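To start, the structure itself, in structure tokens.
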Amino acid sequence: MKNPQFLRSIRLVCFVTMVSLLTGCTAVARAAYLELLPLQGFDTLQADKRVHYEPEAKTNAENLAANYAQTIQQIEARLGGTLQTTPQVYLCASDACYLKYAFNQEARAEARGRGNLVLLKARTLEAEGRLLPVFTHELVHAFWFQHGVHCTPRWWTEGLAVEVSNGGGAEKVTHQEALQAMQEGKIFHASDENSCWTRMPPQLNGMAWPMFYRQSGMFVQWMRVRDPEGFSALLIKLRSGDNLATAIESVYGQPLTALHSAWQKSAMNSTITPLENPHAS
């Protein structure tokens with residue numbers, strides 16, 4: 001009897017290969033390739049068999065495993081739902097390992113599109129003091145992938161992950177630096193455009209990724225603090241497949257553009273505690 005997971009992978013590869021041929025999209029082709037590429041050269045942590053590591057990253061793996069259950073509790077509490085399965089986690093120690101298995105080779109972490117696997121450039125992240133926050137950030141992505149939610153606007157996708165992880169992924173820009181950029185008119189655009197087919201989304205608005213992550217996280221945090229019950233209702237609507245902009249207008253009683261403008265006006269005088277990871281370098 002054939003393995004159902006293998007059959008699903010084959011169907012996925014057939015689909016993305018067809019799309020790749022029609023669009024000439026090398027990113028789609030790489031995603032298909034990675035779905036079938038066995039992950040080799042990893043040991044499995046005996047204390048938690050969901051955690052796999054290159055030998056030089058064993059200490060990082062032990063640290064992550066000790067916090068895995070708490071991290072899951074954190075994101076499930078913040079997102080108001082449950083992970084359908086806990087992802088397998090692979091910790092690369094070497095650049096060669098990460099370059100081989102990562103979809104976005106310029107990043108340091110990623111969650112695969114089915115939400116079943118998280119890949120981390122572990123020693124680099126640990127040296128920067130942000131292994132656990134970034135892992136939490138990626139688990140947020142895995143949560144939504146498992147619930148069938150893909151392609152939401154990039155500011156929302158990353159902003160929510162930054163907010164839930166208390167700044168994970170946005171450590172290279174501080175709250176104050178983001179406010180200064182806003183005073184200078186450098187503010188991300190809260191677009192409602194699909195994020196799956198563009199690597200540099202229009203929401204970026206000419207700014208560097210760390211600034212985009214930081215400001216997006218600030219906006220999402222403000223949305224939650226402004227109306228906690230409404231924010232929870234928004235998350236439920238998104239899990240049900242609602243469009244983000246439509247769901248926001250339904251919950252907050254105003255369109256996304258108006259909400260974004262209201263955040264900009266209030267940001268300078270906000271008393272909201274900044275999303276900061278005190279251990280990041």
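Going by the structure tokens order, chains are called A, B, ..., each with residues numbered from 1, while ligands are numbered from 1 in the order shown.
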### Task
Run DSSP on the backbone of this structure and report the residues of segment 97-164 of chain A it assigns to alpha helix (DSSP H), as a ChimeraX atom specification.
/A:97-101,122-127,131-146,154-164
### Task
Excluding Ser266 of chain A and residues on its chain fewer than 3 positions from it, collect all residues at most 12 Å away from it, counting only C-alpha atoms, and give them as a VMD selection string.
chain A and resid 179 182 to 183 218 to 219 222 to 223 226 259 to 263 269 to 272
Quick one: contact table of segment 102-159 of chain A to segment 164-169 of chain A, 8 Å max, nearest atom pair and distance in Å to one decimal per residue, counting only C-alpha atoms, chain and number order, as a Markdown table?
```
| residue | atom | partner | partner_atom | distance |
| --- | --- | --- | --- | --- |
| A:Arg130 | CA | A:Gly168 | CA | 7.1 |
| A:Pro133 | CA | A:Gly168 | CA | 4.4 |
| A:Val134 | CA | A:Gly168 | CA | 4.8 |
| A:Phe135 | CA | A:Gly168 | CA | 7.9 |
| A:Thr136 | CA | A:Ser165 | CA | 5.5 |
| A:His137 | CA | A:Ser165 | CA | 5.4 |
| A:Val140 | CA | A:Val164 | CA | 7.5 |
```
Restricted to C-alpha atoms, what would the selected residues look like written as a PDB file, in the first residue's frame?
```
ATOM      1  CA  ARG A 130      17.604  35.086  18.702  1.00  0.00           C
ATOM      2  CA  PRO A 133      12.310  34.125  19.042  1.00  0.00           C
ATOM      3  CA  VAL A 134      12.923  33.319  15.380  1.00  0.00           C
ATOM      4  CA  PHE A 135      11.834  29.713  15.939  1.00  0.00           C
ATOM      5  CA  THR A 136       8.623  31.049  17.485  1.00  0.00           C
ATOM      6  CA  HIS A 137       8.184  33.357  14.485  1.00  0.00           C
ATOM      7  CA  VAL A 140       3.453  31.057  13.636  1.00  0.00           C
TER       8      VAL A 140
END
```
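Taking atom CA of Pro87 of chain A and atom CA of Asp48 of chain A as the two end points, the separation is 11.8 Å.
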### Task
Rank nothing, just name the residue among A:Tyr53, A:His175, A:Asn67, A:Thr82 nearest to Lys121 of chain A, using only C-alpha atoms.
A:Tyr53
### Message
Just the number, please: distance in Å from atom CA of Thr157 of chain A to atom CA of Glu138 of chain A, one decimal.
### Response
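Distance between the two atoms: 10.5 Å.
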### Query
What is the distance between atom CA of Val51 of chain A and atom CA of Val89 of chain A, in Å to one decimal?
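Atom-to-atom, atom CA of Val51 of chain A and atom CA of Val89 of chain A are spaced 4.9 Å apart.
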### Residues within 12 Å of Ser250 of chain A, only C-alpha atoms, excluding chain neighbours under 6 positions, as a ChimeraX atom specification
/A:230-231,233-234,237-238,242-244,256
Please produce a file of those selected residues containing N, CA and C atoms, as an mmCIF file, in the first residue's frame.
```
data_model
loop_
_atom_site.group_PDB
_atom_site.id
_atom_site.type_symbol
_atom_site.label_atom_id
_atom_site.label_comp_id
_atom_site.auth_asym_id
_atom_site.auth_seq_id
_atom_site.Cartn_x
_atom_site.Cartn_y
_atom_site.Cartn_z
ATOM 1 N N GLY A 230 -12.015 41.938 19.210
ATOM 2 C CA GLY A 230 -12.120 42.046 17.760
ATOM 3 C C GLY A 230 -10.964 41.352 17.062
ATOM 4 N N PHE A 231 -9.777 41.478 17.645
ATOM 5 C CA PHE A 231 -8.608 40.831 17.051
ATOM 6 C C PHE A 231 -8.772 39.318 17.073
ATOM 7 N N ALA A 233 -11.578 37.750 17.010
ATOM 8 C CA ALA A 233 -12.585 37.451 15.990
ATOM 9 C C ALA A 233 -11.969 37.484 14.593
ATOM 10 N N LEU A 234 -11.027 38.399 14.385
ATOM 11 C CA LEU A 234 -10.336 38.486 13.102
ATOM 12 C C LEU A 234 -9.561 37.208 12.813
ATOM 13 N N LYS A 237 -11.920 34.498 11.715
ATOM 14 C CA LYS A 237 -12.368 34.717 10.338
ATOM 15 C C LYS A 237 -11.300 34.274 9.341
ATOM 16 N N LEU A 238 -10.053 34.564 9.640
ATOM 17 C CA LEU A 238 -8.973 34.182 8.731
ATOM 18 C C LEU A 238 -8.808 32.669 8.677
ATOM 19 N N ASP A 242 -11.603 33.747 5.275
ATOM 20 C CA ASP A 242 -12.021 35.083 4.862
ATOM 21 C C ASP A 242 -10.843 35.889 4.331
ATOM 22 N N ASN A 243 -11.132 36.803 3.438
ATOM 23 C CA ASN A 243 -10.141 37.755 2.939
ATOM 24 C C ASN A 243 -9.737 38.700 4.064
ATOM 25 N N LEU A 244 -8.453 39.035 4.150
ATOM 26 C CA LEU A 244 -7.962 39.846 5.264
ATOM 27 C C LEU A 244 -8.638 41.208 5.319
ATOM 28 N N LEU A 256 -9.103 48.829 5.826
ATOM 29 C CA LEU A 256 -7.705 48.658 6.205
ATOM 30 C C LEU A 256 -6.929 49.960 6.091
#
```
Test item: residues at most 9 Å from Gly148 of chain A, only C-alpha atoms, excluding those fewer than 4 positions along its chain, as a compact mmCIF listing (two decimals) with N, CA and C atoms, in the first residue's frame:
```txt
# COMPACT_ATOMS: atom_id res chain seq x y z
N ARG A 114 3.71 23.31 3.87
CA ARG A 114 2.66 22.48 4.47
C ARG A 114 2.64 22.62 6.00
N PHE A 143 1.75 27.36 11.77
CA PHE A 143 0.36 27.30 12.25
C PHE A 143 -0.61 27.64 11.13
N TRP A 144 -0.37 28.76 10.46
CA TRP A 144 -1.29 29.19 9.41
C TRP A 144 -1.24 28.26 8.20
N ARG A 239 -8.96 32.00 9.80
CA ARG A 239 -8.89 30.53 9.79
C ARG A 239 -10.05 29.93 9.00
N GLY A 241 -11.05 31.21 6.26
CA GLY A 241 -10.79 31.48 4.85
C GLY A 241 -11.22 32.84 4.37
```
### Task
Extract, using only C-alpha atoms, all DNA, RNA and protein residues at most 7 Å from Phe188 of chain A, discarding same-chain residues fewer than 6 positions from it, and format them as a list in words.
Gln203, Leu204, Asn205 and Phe212 of chain A
Would you mind writing down, as a JSON list (two decimals) with N, CA and C atoms, in the first residue's frame, each residue of segment 31-218 of chain A that DSSP on the backbone assigns to strand (DSSP E)?
```
[["chain", "number", "residue", "atom", "x", "y", "z"],
["A", 43, "ASP", "N", 21.35, 14.34, 13.03],
["A", 43, "ASP", "CA", 21.06, 13.42, 14.12],
["A", 43, "ASP", "C", 19.71, 13.79, 14.72],
["A", 44, "THR", "N", 19.06, 12.83, 15.36],
["A", 44, "THR", "CA", 17.78, 13.09, 16.02],
["A", 44, "THR", "C", 17.99, 13.15, 17.52],
["A", 51, "VAL", "N", 13.10, 16.95, 16.92],
["A", 51, "VAL", "CA", 14.22, 17.89, 16.74],
["A", 51, "VAL", "C", 15.41, 17.15, 16.16],
["A", 52, "HIS", "N", 15.92, 17.66, 15.04],
["A", 52, "HIS", "CA", 17.04, 17.05, 14.31],
["A", 52, "HIS", "C", 18.12, 18.11, 14.11],
["A", 53, "TYR", "N", 19.37, 17.68, 14.13],
["A", 53, "TYR", "CA", 20.44, 18.67, 14.15],
["A", 53, "TYR", "C", 21.71, 18.13, 13.49],
["A", 88, "GLN", "N", 8.38, 19.03, 12.50],
["A", 88, "GLN", "CA", 9.75, 18.55, 12.67],
["A", 88, "GLN", "C", 10.68, 19.75, 12.49],
["A", 89, "VAL", "N", 11.70, 19.83, 13.33],
["A", 89, "VAL", "CA", 12.62, 20.96, 13.31],
["A", 89, "VAL", "C", 14.01, 20.47, 12.95],
["A", 90, "TYR", "N", 14.63, 21.13, 11.98],
["A", 90, "TYR", "CA", 15.98, 20.78, 11.53],
["A", 90, "TYR", "C", 16.90, 21.97, 11.76],
["A", 91, "LEU", "N", 17.97, 21.72, 12.52],
["A", 91, "LEU", "CA", 18.92, 22.78, 12.87],
["A", 91, "LEU", "C", 20.22, 22.58, 12.10],
["A", 92, "CYS", "N", 20.49, 23.49, 11.20],
["A", 92, "CYS", "CA", 21.75, 23.48, 10.46],
["A", 92, "CYS", "C", 22.82, 24.20, 11.26],
["A", 109, "ALA", "N", 15.95, 31.30, 8.57],
["A", 109, "ALA", "CA", 14.94, 30.35, 9.07],
["A", 109, "ALA", "C", 13.76, 30.35, 8.12],
["A", 110, "GLU", "N", 13.05, 29.22, 8.10],
["A", 110, "GLU", "CA", 11.83, 29.16, 7.29],
["A", 110, "GLU", "C", 10.96, 27.99, 7.72],
["A", 111, "ALA", "N", 9.66, 28.15, 7.48],
["A", 111, "ALA", "CA", 8.70, 27.07, 7.65],
["A", 111, "ALA", "C", 8.27, 26.62, 6.26],
["A", 117, "LEU", "N", 7.40, 21.37, 8.77],
["A", 117, "LEU", "CA", 8.85, 21.38, 8.94],
["A", 117, "LEU", "C", 9.34, 22.82, 9.10],
["A", 118, "VAL", "N", 10.25, 23.00, 10.05],
["A", 118, "VAL", "CA", 10.93, 24.28, 10.24],
["A", 118, "VAL", "C", 12.42, 24.05, 10.12],
["A", 119, "LEU", "N", 13.07, 24.89, 9.33],
["A", 119, "LEU", "CA", 14.52, 24.81, 9.11],
["A", 119, "LEU", "C", 15.17, 26.05, 9.71],
["A", 120, "LEU", "N", 16.24, 25.85, 10.48],
["A", 120, "LEU", "CA", 16.90, 26.95, 11.17],
["A", 120, "LEU", "C", 18.40, 26.94, 10.92],
["A", 121, "LYS", "N", 18.95, 28.12, 10.69],
["A", 121, "LYS", "CA", 20.40, 28.29, 10.64],
["A", 121, "LYS", "C", 20.84, 28.52, 12.08]]
```
